[in-house]
$ cat input.pdb   # PDB, C-alpha atoms and all ligand atoms
ATOM      1  CA  MET A   1    -150.022  14.126 -22.170
ATOM      2  CA  LYS A   2    -148.237  14.473 -25.520
ATOM      3  CA  ASP A   3    -145.178  12.359 -26.110
ATOM      4  CA  ASN A   4    -143.988  13.361 -29.548
ATOM      5  CA  SER A   5    -143.785  17.050 -28.832
ATOM      6  CA  CYS A   6    -141.040  19.325 -27.564
ATOM      7  CA  ILE A   7    -140.278  22.562 -25.797
ATOM      8  CA  GLY A   8    -139.408  25.275 -28.322
ATOM      9  CA  VAL A   9    -136.732  27.756 -27.253
ATOM     10  CA  PHE A  10    -135.488  30.793 -29.144
ATOM     11  CA  ASP A  11    -133.201  33.766 -28.788
ATOM     12  CA  SER A  12    -131.618  36.387 -31.015
ATOM     13  CA  GLY A  13    -128.614  34.066 -30.954
ATOM     14  CA  VAL A  14    -126.763  31.626 -28.747
ATOM     15  CA  GLY A  15    -127.489  33.407 -25.428
ATOM     16  CA  GLY A  16    -130.738  31.523 -24.805
ATOM     17  CA  LEU A  17    -128.617  28.431 -24.190
ATOM     18  CA  SER A  18    -128.163  29.826 -20.671
ATOM     19  CA  VAL A  19    -131.901  29.126 -20.261
ATOM     20  CA  TRP A  20    -131.857  25.869 -22.268
ATOM     21  CA  ARG A  21    -129.208  24.569 -19.825
ATOM     22  CA  GLU A  22    -131.630  25.059 -16.899
ATOM     23  CA  LEU A  23    -134.595  23.585 -18.784
ATOM     24  CA  VAL A  24    -132.821  20.307 -19.521
ATOM     25  CA  ALA A  25    -131.350  20.132 -16.024
ATOM     26  CA  LEU A  26    -134.815  20.478 -14.508
ATOM     27  CA  MET A  27    -136.727  18.374 -17.060
ATOM     28  CA  PRO A  28    -134.399  15.699 -18.457
ATOM     29  CA  ASN A  29    -137.267  13.834 -20.146
ATOM     30  CA  GLU A  30    -138.379  16.777 -22.241
ATOM     31  CA  SER A  31    -137.181  17.125 -25.833
ATOM     32  CA  THR A  32    -136.246  20.570 -27.097
ATOM     33  CA  VAL A  33    -135.838  22.465 -30.342
ATOM     34  CA  TYR A  34    -133.678  25.595 -30.081
ATOM     35  CA  TYR A  35    -133.576  28.356 -32.681
ATOM     36  CA  ALA A  36    -130.685  30.862 -32.614
ATOM     37  CA  ASP A  37    -131.448  33.868 -34.811
ATOM     38  CA  SER A  38    -127.773  34.763 -35.062
ATOM     39  CA  ALA A  39    -128.091  36.180 -38.600
ATOM     40  CA  TYR A  40    -130.336  38.912 -37.171
ATOM     41  CA  CYS A  41    -128.447  39.370 -33.895
ATOM     42  CA  PRO A  42    -128.374  41.708 -32.010
ATOM     43  CA  TYR A  43    -132.068  42.410 -31.452
ATOM     44  CA  GLY A  44    -131.238  45.185 -28.952
ATOM     45  CA  PRO A  45    -131.124  48.074 -31.448
ATOM     46  CA  LYS A  46    -134.033  46.784 -33.629
ATOM     47  CA  THR A  47    -137.542  48.268 -33.668
ATOM     48  CA  GLN A  48    -140.365  46.497 -31.873
ATOM     49  CA  GLN A  49    -142.019  45.657 -35.206
ATOM     50  CA  GLU A  50    -138.821  44.081 -36.561
ATOM     51  CA  ILE A  51    -138.532  41.904 -33.449
ATOM     52  CA  ILE A  52    -142.211  40.904 -33.661
ATOM     53  CA  ASN A  53    -141.691  39.893 -37.306
ATOM     54  CA  ARG A  54    -138.638  37.738 -36.525
ATOM     55  CA  SER A  55    -140.267  36.199 -33.437
ATOM     56  CA  SER A  56    -143.417  35.235 -35.372
ATOM     57  CA  LYS A  57    -141.388  33.534 -38.121
ATOM     58  CA  ILE A  58    -139.430  31.585 -35.507
ATOM     59  CA  VAL A  59    -142.561  30.621 -33.551
ATOM     60  CA  ASP A  60    -144.173  29.325 -36.790
ATOM     61  CA  PHE A  61    -141.068  27.202 -37.388
ATOM     62  CA  LEU A  62    -140.986  25.874 -33.807
ATOM     63  CA  LEU A  63    -144.667  24.941 -34.061
ATOM     64  CA  GLN A  64    -143.897  22.974 -37.239
ATOM     65  CA  GLN A  65    -141.254  21.107 -35.208
ATOM     66  CA  GLY A  66    -143.906  20.109 -32.645
ATOM     67  CA  ALA A  67    -143.474  22.744 -29.929
ATOM     68  CA  LYS A  68    -146.063  22.402 -27.158
ATOM     69  CA  LEU A  69    -144.718  25.370 -25.177
ATOM     70  CA  ILE A  70    -142.273  28.078 -26.235
ATOM     71  CA  VAL A  71    -139.662  29.744 -24.069
ATOM     72  CA  VAL A  72    -138.718  33.180 -25.359
ATOM     73  CA  ALA A  73    -135.165  32.898 -24.024
ATOM     74  CA  CYS A  74    -134.372  36.502 -24.852
ATOM     75  CA  ASN A  75    -135.139  39.501 -22.666
ATOM     76  CA  THR A  76    -135.262  41.824 -25.664
ATOM     77  CA  ALA A  77    -137.704  39.638 -27.636
ATOM     78  CA  THR A  78    -139.818  39.163 -24.502
ATOM     79  CA  ALA A  79    -140.009  42.926 -24.012
ATOM     80  CA  ALA A  80    -140.902  43.568 -27.651
ATOM     81  CA  ALA A  81    -142.981  40.592 -28.720
ATOM     82  CA  ILE A  82    -144.404  38.392 -25.975
ATOM     83  CA  ASP A  83    -147.722  40.271 -25.734
ATOM     84  CA  TYR A  84    -148.143  39.883 -29.497
ATOM     85  CA  LEU A  85    -147.247  36.175 -29.403
ATOM     86  CA  ARG A  86    -149.633  35.423 -26.538
ATOM     87  CA  ALA A  87    -152.428  37.245 -28.350
ATOM     88  CA  ASN A  88    -151.863  35.464 -31.656
ATOM     89  CA  TYR A  89    -150.909  31.877 -30.808
ATOM     90  CA  SER A  90    -152.747  29.403 -28.647
ATOM     91  CA  ILE A  91    -149.812  27.575 -26.991
ATOM     92  CA  PRO A  92    -148.291  28.777 -23.692
ATOM     93  CA  PHE A  93    -145.267  31.106 -23.792
ATOM     94  CA  VAL A  94    -142.709  31.691 -21.060
ATOM     95  CA  GLY A  95    -140.717  34.900 -21.229
ATOM     96  CA  MET A  96    -137.758  36.455 -19.446
ATOM     97  CA  GLU A  97    -138.371  38.962 -16.693
ATOM     98  CA  PRO A  98    -135.519  41.166 -15.419
ATOM     99  CA  ALA A  99    -134.740  39.652 -11.991
ATOM    100  CA  VAL A 100    -135.279  42.864 -10.038
ATOM    101  CA  LYS A 101    -137.487  41.087  -7.496
ATOM    102  CA  PRO A 102    -134.803  38.712  -6.071
ATOM    103  CA  ALA A 103    -132.272  41.557  -6.227
ATOM    104  CA  ALA A 104    -134.602  43.784  -4.178
ATOM    105  CA  PHE A 105    -135.033  40.960  -1.710
ATOM    106  CA  ASN A 106    -131.280  40.303  -1.365
ATOM    107  CA  THR A 107    -129.823  43.798  -1.334
ATOM    108  CA  LYS A 108    -128.287  45.033   1.903
ATOM    109  CA  ASN A 109    -127.440  48.568   0.837
ATOM    110  CA  GLY A 110    -130.424  49.231  -1.478
ATOM    111  CA  LYS A 111    -128.294  49.591  -4.624
ATOM    112  CA  ILE A 112    -129.049  47.249  -7.505
ATOM    113  CA  GLY A 113    -127.256  47.163 -10.830
ATOM    114  CA  VAL A 114    -128.994  45.881 -13.948
ATOM    115  CA  LEU A 115    -127.157  44.945 -17.131
ATOM    116  CA  ALA A 116    -129.331  44.580 -20.229
ATOM    117  CA  THR A 117    -129.751  45.720 -23.826
ATOM    118  CA  LYS A 118    -131.247  49.046 -24.855
ATOM    119  CA  GLY A 119    -134.356  47.228 -26.098
ATOM    120  CA  THR A 120    -134.977  45.655 -22.686
ATOM    121  CA  PHE A 121    -134.522  48.947 -20.815
ATOM    122  CA  ASN A 122    -136.938  50.683 -23.213
ATOM    123  CA  GLY A 123    -139.651  48.038 -22.776
ATOM    124  CA  ARG A 124    -142.760  48.295 -20.620
ATOM    125  CA  LEU A 125    -141.836  45.110 -18.725
ATOM    126  CA  PHE A 126    -138.660  46.601 -17.258
ATOM    127  CA  LEU A 127    -140.470  49.768 -16.198
ATOM    128  CA  GLU A 128    -143.282  47.778 -14.568
ATOM    129  CA  THR A 129    -140.915  45.369 -12.803
ATOM    130  CA  SER A 130    -138.746  48.213 -11.494
ATOM    131  CA  ASN A 131    -141.741  50.198 -10.267
ATOM    132  CA  LYS A 132    -143.216  47.151  -8.604
ATOM    133  CA  TYR A 133    -140.143  45.862  -6.764
ATOM    134  CA  ALA A 134    -137.583  48.644  -6.597
ATOM    135  CA  SER A 135    -139.442  51.948  -6.328
ATOM    136  CA  ASP A 136    -137.759  52.683  -2.983
ATOM    137  CA  LEU A 137    -134.292  51.412  -4.045
ATOM    138  CA  HIS A 138    -131.487  52.772  -6.201
ATOM    139  CA  LEU A 139    -131.619  51.048  -9.548
ATOM    140  CA  GLU A 140    -128.474  51.591 -11.582
ATOM    141  CA  ILE A 141    -128.895  50.554 -15.209
ATOM    142  CA  GLN A 142    -126.210  49.895 -17.782
ATOM    143  CA  VAL A 143    -126.194  48.485 -21.321
ATOM    144  CA  GLY A 144    -123.626  45.683 -21.641
ATOM    145  CA  GLU A 145    -121.986  47.319 -24.670
ATOM    146  CA  GLY A 146    -120.524  44.652 -26.943
ATOM    147  CA  PHE A 147    -121.397  41.741 -24.624
ATOM    148  CA  VAL A 148    -123.820  40.051 -27.037
ATOM    149  CA  GLU A 149    -121.255  40.299 -29.852
ATOM    150  CA  LEU A 150    -118.583  38.698 -27.640
ATOM    151  CA  VAL A 151    -120.772  35.707 -26.820
ATOM    152  CA  GLU A 152    -121.895  35.335 -30.451
ATOM    153  CA  ALA A 153    -118.202  35.127 -31.366
ATOM    154  CA  GLY A 154    -117.614  32.496 -28.653
ATOM    155  CA  GLU A 155    -115.221  34.906 -26.916
ATOM    156  CA  LEU A 156    -115.966  34.392 -23.251
ATOM    157  CA  ASP A 157    -112.756  34.776 -21.296
ATOM    158  CA  THR A 158    -110.164  36.436 -23.533
ATOM    159  CA  ASP A 159    -108.294  39.667 -22.699
ATOM    160  CA  ASN A 160    -110.565  41.433 -25.170
ATOM    161  CA  ALA A 161    -113.650  40.058 -23.367
ATOM    162  CA  GLU A 162    -112.256  41.319 -20.075
ATOM    163  CA  ARG A 163    -111.634  44.796 -21.512
ATOM    164  CA  ILE A 164    -115.177  45.017 -22.948
ATOM    165  CA  VAL A 165    -116.824  43.653 -19.788
ATOM    166  CA  LYS A 166    -114.839  46.068 -17.622
ATOM    167  CA  ALA A 167    -116.048  49.088 -19.591
ATOM    168  CA  SER A 168    -119.689  48.409 -18.613
ATOM    169  CA  VAL A 169    -119.309  46.704 -15.250
ATOM    170  CA  ILE A 170    -116.852  49.096 -13.558
ATOM    171  CA  PRO A 171    -119.230  52.104 -13.787
ATOM    172  CA  LEU A 172    -121.891  50.010 -11.998
ATOM    173  CA  LEU A 173    -119.443  48.886  -9.317
ATOM    174  CA  ASP A 174    -118.348  52.496  -8.854
ATOM    175  CA  ARG A 175    -121.944  53.355  -7.984
ATOM    176  CA  GLY A 176    -121.737  50.968  -5.027
ATOM    177  CA  ILE A 177    -124.175  48.223  -6.070
ATOM    178  CA  ASP A 178    -124.314  44.964  -4.091
ATOM    179  CA  GLN A 179    -126.600  43.071  -6.525
ATOM    180  CA  LEU A 180    -125.996  42.654 -10.247
ATOM    181  CA  VAL A 181    -128.909  41.445 -12.379
ATOM    182  CA  LEU A 182    -128.014  39.848 -15.715
ATOM    183  CA  ALA A 183    -131.081  40.828 -17.746
ATOM    184  CA  CYS A 184    -129.890  39.490 -21.082
ATOM    185  CA  THR A 185    -129.586  35.775 -21.702
ATOM    186  CA  HIS A 186    -126.186  36.143 -23.389
ATOM    187  CA  TYR A 187    -124.598  37.670 -20.294
ATOM    188  CA  PRO A 188    -124.413  34.552 -18.039
ATOM    189  CA  PHE A 189    -121.836  33.163 -20.489
ATOM    190  CA  LEU A 190    -119.612  36.076 -19.438
ATOM    191  CA  CYS A 191    -120.209  35.386 -15.751
ATOM    192  CA  GLU A 192    -116.646  34.226 -15.033
ATOM    193  CA  THR A 193    -115.248  37.368 -16.650
ATOM    194  CA  ILE A 194    -117.760  39.532 -14.751
ATOM    195  CA  LYS A 195    -116.671  37.822 -11.513
ATOM    196  CA  LYS A 196    -113.017  38.431 -12.364
ATOM    197  CA  VAL A 197    -113.675  42.116 -13.051
ATOM    198  CA  SER A 198    -115.678  42.544  -9.841
ATOM    199  CA  ALA A 199    -113.364  40.451  -7.630
ATOM    200  CA  GLY A 200    -113.172  41.725  -4.049
ATOM    201  CA  LYS A 201    -116.372  43.766  -4.360
ATOM    202  CA  ASN A 202    -118.767  41.250  -2.774
ATOM    203  CA  ILE A 203    -121.360  41.443  -5.535
ATOM    204  CA  ASN A 204    -124.215  38.974  -5.802
ATOM    205  CA  ILE A 205    -124.778  38.128  -9.487
ATOM    206  CA  ILE A 206    -128.347  37.160 -10.365
ATOM    207  CA  ASN A 207    -129.215  35.038 -13.403
ATOM    208  CA  PRO A 208    -132.992  34.546 -13.797
ATOM    209  CA  ALA A 209    -132.669  31.405 -15.968
ATOM    210  CA  PRO A 210    -133.379  28.834 -13.187
ATOM    211  CA  SER A 211    -136.662  30.571 -12.286
ATOM    212  CA  VAL A 212    -137.664  30.707 -15.942
ATOM    213  CA  ALA A 213    -137.105  26.948 -16.211
ATOM    214  CA  LYS A 214    -139.275  26.423 -13.093
ATOM    215  CA  GLN A 215    -141.998  28.561 -14.621
ATOM    216  CA  ALA A 216    -141.877  26.482 -17.839
ATOM    217  CA  CYS A 217    -142.131  23.293 -15.778
ATOM    218  CA  ASN A 218    -145.147  24.642 -13.842
ATOM    219  CA  LEU A 219    -146.891  25.656 -17.044
ATOM    220  CA  LEU A 220    -146.379  22.230 -18.624
ATOM    221  CA  GLN A 221    -147.872  20.691 -15.519
ATOM    222  CA  GLN A 222    -150.840  23.063 -15.492
ATOM    223  CA  HIS A 223    -151.601  22.365 -19.158
ATOM    224  CA  ASN A 224    -151.078  18.639 -18.735
ATOM    225  CA  LEU A 225    -148.276  18.695 -21.306
ATOM    226  CA  LYS A 226    -145.427  17.018 -19.425
ATOM    227  CA  SER A 227    -143.656  14.107 -21.086
ATOM    228  CA  SER A 228    -143.769  10.697 -19.510
ATOM    229  CA  ASP A 229    -140.899   9.809 -17.184
ATOM    230  CA  ASN A 230    -139.536   6.979 -19.322
ATOM    231  CA  ARG A 231    -139.248   9.041 -22.479
ATOM    232  CA  LYS A 232    -135.838   9.421 -24.123
ATOM    233  CA  SER A 233    -135.380  13.089 -24.951
ATOM    234  CA  THR A 234    -133.951  14.552 -28.173
ATOM    235  CA  HIS A 235    -132.448  18.004 -28.726
ATOM    236  CA  HIS A 236    -132.191  19.814 -32.052
ATOM    237  CA  PHE A 237    -130.431  23.111 -32.591
ATOM    238  CA  TYR A 238    -130.994  25.463 -35.519
ATOM    239  CA  SER A 239    -129.252  28.698 -36.390
ATOM    240  CA  SER A 240    -130.041  31.301 -39.028
ATOM    241  CA  LEU A 241    -126.280  31.885 -39.444
ATOM    242  CA  ASP A 242    -123.948  29.025 -38.641
ATOM    243  CA  THR A 243    -123.827  26.451 -35.892
ATOM    244  CA  LYS A 244    -120.181  26.679 -34.804
ATOM    245  CA  VAL A 245    -120.588  28.748 -31.623
ATOM    246  CA  LEU A 246    -123.913  27.086 -30.835
ATOM    247  CA  GLN A 247    -122.122  23.747 -30.845
ATOM    248  CA  LEU A 248    -119.192  25.127 -28.872
ATOM    249  CA  LEU A 249    -121.448  26.416 -26.088
ATOM    250  CA  VAL A 250    -123.560  23.252 -25.942
ATOM    251  CA  ASP A 251    -120.228  21.388 -25.545
ATOM    252  CA  THR A 252    -119.565  23.444 -22.416
ATOM    253  CA  ILE A 253    -122.995  22.489 -21.012
ATOM    254  CA  VAL A 254    -123.296  18.762 -21.722
ATOM    255  CA  GLU A 255    -120.665  16.075 -21.434
ATOM    256  CA  ASP A 256    -121.564  14.043 -24.452
ATOM    257  CA  ASN A 257    -122.833  16.347 -27.162
ATOM    258  CA  THR A 258    -124.175  14.204 -29.988
ATOM    259  CA  TYR A 259    -127.115  16.457 -30.772
ATOM    260  CA  LYS A 260    -128.254  17.620 -34.184
ATOM    261  CA  PHE A 261    -127.129  21.076 -35.377
ATOM    262  CA  GLU A 262    -128.437  22.660 -38.584
ATOM    263  CA  VAL A 263    -128.452  25.966 -40.407
ATOM    264  CA  LYS A 264    -131.986  27.065 -41.197
ATOM    265  CA  SER A 265    -132.883  30.447 -42.707
ATOM    266  CA  LEU A 266    -136.338  31.809 -41.950
TER     267      LEU A 266
HETATM  268  N1  LIG B   1    -130.124  37.316 -25.551
HETATM  269  C1  LIG B   1    -130.737  38.550 -25.910
HETATM  270  C2  LIG B   1    -131.451  39.139 -24.684
HETATM  271  O1  LIG B   1    -131.665  38.444 -23.722
HETATM  272  C3  LIG B   1    -129.745  39.407 -26.596
HETATM  273  C4  LIG B   1    -130.298  40.660 -27.115
HETATM  274  C5  LIG B   1    -129.798  41.124 -28.429
HETATM  275  O2  LIG B   1    -129.782  40.354 -29.380
HETATM  276  O3  LIG B   1    -129.466  42.323 -28.489
HETATM  277  O4  LIG B   1    -131.852  40.272 -24.651
END
$ encode --input "input.pdb" --output "structure tokens"
Amino acid sequence: MKDNSCIGVFDSGVGGLSVWRELVALMPNESTVYYADSAYCPYGPKTQQEIINRSSKIVDFLLQQGAKLIVVACNTATAAAIDYLRANYSIPFVGMEPAVKPAAFNTKNGKIGVLATKGTFNGRLFLETSNKYASDLHLEIQVGEGFVELVEAGELDTDNAERIVKASVIPLLDRGIDQLVLACTHYPFLCETIKKVSAGKNINIINPAPSVAKQACNLLQQHNLKSSDNRKSTHHFYSSLDTKVLQLLVDTIVEDNTYKFEVKSL
């Protein structure tokens, strides 16, 4: 059992906070260090090598901060870099998996919509997950065009957000889906707007973040890395750009946000 170490979490930007929120809810005694790579966001259109390079730099930094386990709280970085990270670093990594499995389990009409970035759809993980769980179902895929940029700007429920969300969600609804998988960690912050746009359609929205937090908890247990129950946790947030939106979103998650926020270029 290590008591001075933390869970490292990173994303191309602020979206991974949708996973961080579940981690701290499930493991209140664990300290965390979060890195938002907002200066390099979005990762979606980047090459695999570019994402591997950024992810390695961030992992090196998180290790310096005492990370005992790292959550790659980004579907795009998971798709592009998690194999590389697992092969080159000795600590455990938890990645994001598009939640096609629960969608396949829940669907009544066999039509599942998936919203993600281009990078996630092009990755091997998405192909494998779809083949494994949805080969006999209709999988309707759609890039959430402009969604990541909205969340990075802290624009979650404006008229502009609604217009942008509509443009990608309506085509999925028109194809008759009854499950909507949010396969990008930024997208849960637009959940209220997605609900508004899909009102009356009886859509089940699936956010994989709670299962990712459970997986992180199981791995800590397996590796005997859990913090002791009486430990007071600390949370540090770093951004490669600026910390304004990071702070704003953490404010929406915790009641008393007195955490440390810093700009850190890597
Ligand atoms: N949060 C990232 C993800 O889950 C956003 C991707 C991006 O930066 O394009 O994929």
$ residues_around --input "input.pdb" --residues "Leu85 of chain A" --least-positions-apart "2" --cutoff "9 Å" --atoms "only C-alpha atoms" --output "list in words"
Ile52, Ser55, Ser56, Val59, Ala81, Ile82, Asp83, Ala87, Asn88, Tyr89, Ser90 and Phe93 of chain A
$ atom_distance --input "input.pdb" --atom1 "atom CA of Ser211 of chain A" --atom2 "atom CA of Gly8 of chain A"
17.1 Å
$ residues_near_ligand --input "input.pdb" --ligand "ligand LIG 1 (chain B)" --cutoff "6 Å" --atoms "only C-alpha atoms and all ligand atoms" --output "number ranges by chain"
A: 11-12, 15-16, 41-44, 74-76, 117, 148, 184-186
$ axis_aligned_box --input "input.pdb" --around "segment 56-72 of chain A" --padding-each-side "8 Å" --output "JSON"
{"center_x": -142.4, "center_y": 27.7, "center_z": -31.1, "size_x": 23.3, "size_y": 31.1, "size_z": 30.1}
$ resolve_selection --input "input.pdb" --expression "the PyMOL selection byres (((chain A and resi 122) around 12) and not hetatm)" --output "PyMOL selection string"
chain A and resi 44-48+75-80+116-121+123-128+141+143
$ resolve_selection --input "input.pdb" --expression "the PyMOL selection byres (((chain A and resi 195) around 12) and not hetatm)" --output "list in words"
Asp157, Glu162, Val165, Lys166, Val169, Ile170, Leu173, Leu180, Tyr187, Pro188, Phe189, Leu190, Cys191, Glu192, Thr193, Ile194, Lys196, Val197, Ser198, Ala199, Gly200, Lys201, Asn202, Ile203, Asn204, Ile205 and Ile206 of chain A
$ resolve_selection --input "input.pdb" --expression "the PyMOL selection byres (((chain A and resi 251-260) around 10) and not hetatm)" --output "ChimeraX atom specification"
/A:17-18,20-22,24-25,33,234-238,245-250,261-262
$ closest_atom_pairs --input "input.pdb" --of "segment 79-184 of chain A" --to "segment 212-230 of chain A" --cutoff "9 Å" --atoms "all atoms listed in the file" --output "tab-separated table"
residue	atom	partner	partner_atom	distance
A:Pro92	CA	A:Leu219	CA	7.5
A:Phe93	CA	A:Ala216	CA	8.3
A:Val94	CA	A:Ala216	CA	6.2
A:Gly95	CA	A:Val212	CA	7.4
A:Met96	CA	A:Val212	CA	6.7
A:Glu97	CA	A:Val212	CA	8.3
$ write_last_selection --input "input.pdb" --atoms "C-alpha atoms" --output "tab-separated table (two decimals), in the coordinates of the input"
chain	number	residue	atom	x	y	z
A	92	PRO	CA	-148.29	28.78	-23.69
A	93	PHE	CA	-145.27	31.11	-23.79
A	94	VAL	CA	-142.71	31.69	-21.06
A	95	GLY	CA	-140.72	34.90	-21.23
A	96	MET	CA	-137.76	36.46	-19.45
A	97	GLU	CA	-138.37	38.96	-16.69
$ residues_around --input "input.pdb" --residues "Asp178 of chain A" --least-positions-apart "5" --cutoff "8 Å" --atoms "all atoms listed in the file" --output "ChimeraX atom specification"
/A:107-113,202-204
$ write_last_selection --input "input.pdb" --atoms "C-alpha atoms" --output "short mmCIF file (atom, residue, chain, number, x, y, z; two decimals), keeping the file's coordinate frame"
data_model
loop_
_atom_site.label_atom_id
_atom_site.label_comp_id
_atom_site.auth_asym_id
_atom_site.auth_seq_id
_atom_site.Cartn_x
_atom_site.Cartn_y
_atom_site.Cartn_z
CA THR A 107 -129.82 43.80 -1.33
CA LYS A 108 -128.29 45.03 1.90
CA ASN A 109 -127.44 48.57 0.84
CA GLY A 110 -130.42 49.23 -1.48
CA LYS A 111 -128.29 49.59 -4.62
CA ILE A 112 -129.05 47.25 -7.50
CA GLY A 113 -127.26 47.16 -10.83
CA ASN A 202 -118.77 41.25 -2.77
CA ILE A 203 -121.36 41.44 -5.54
CA ASN A 204 -124.22 38.97 -5.80
#
$ closest_residue --input "input.pdb" --among "A:Asn53, A:Glu140, A:Ser239, A:Phe105" --to "Ser265 of chain A" --atoms "all atoms listed in the file"
A:Ser239
$ atom_distance --input "input.pdb" --atom1 "atom CA of Ala99 of chain A" --atom2 "atom CA of Gln179 of chain A"
10.4 Å
$ residues_near_point --input "input.pdb" --point "(-140.6, 49.8, -8.3)" --cutoff "12 Å" --atoms "only C-alpha atoms" --output "NGL selection string"
:A and (100-101 or 103-104 or 112 or 125-139)
$ atom_distance --input "input.pdb" --atom1 "atom CA of Val114 of chain A" --atom2 "atom CA of Gly144 of chain A"
9.4 Å
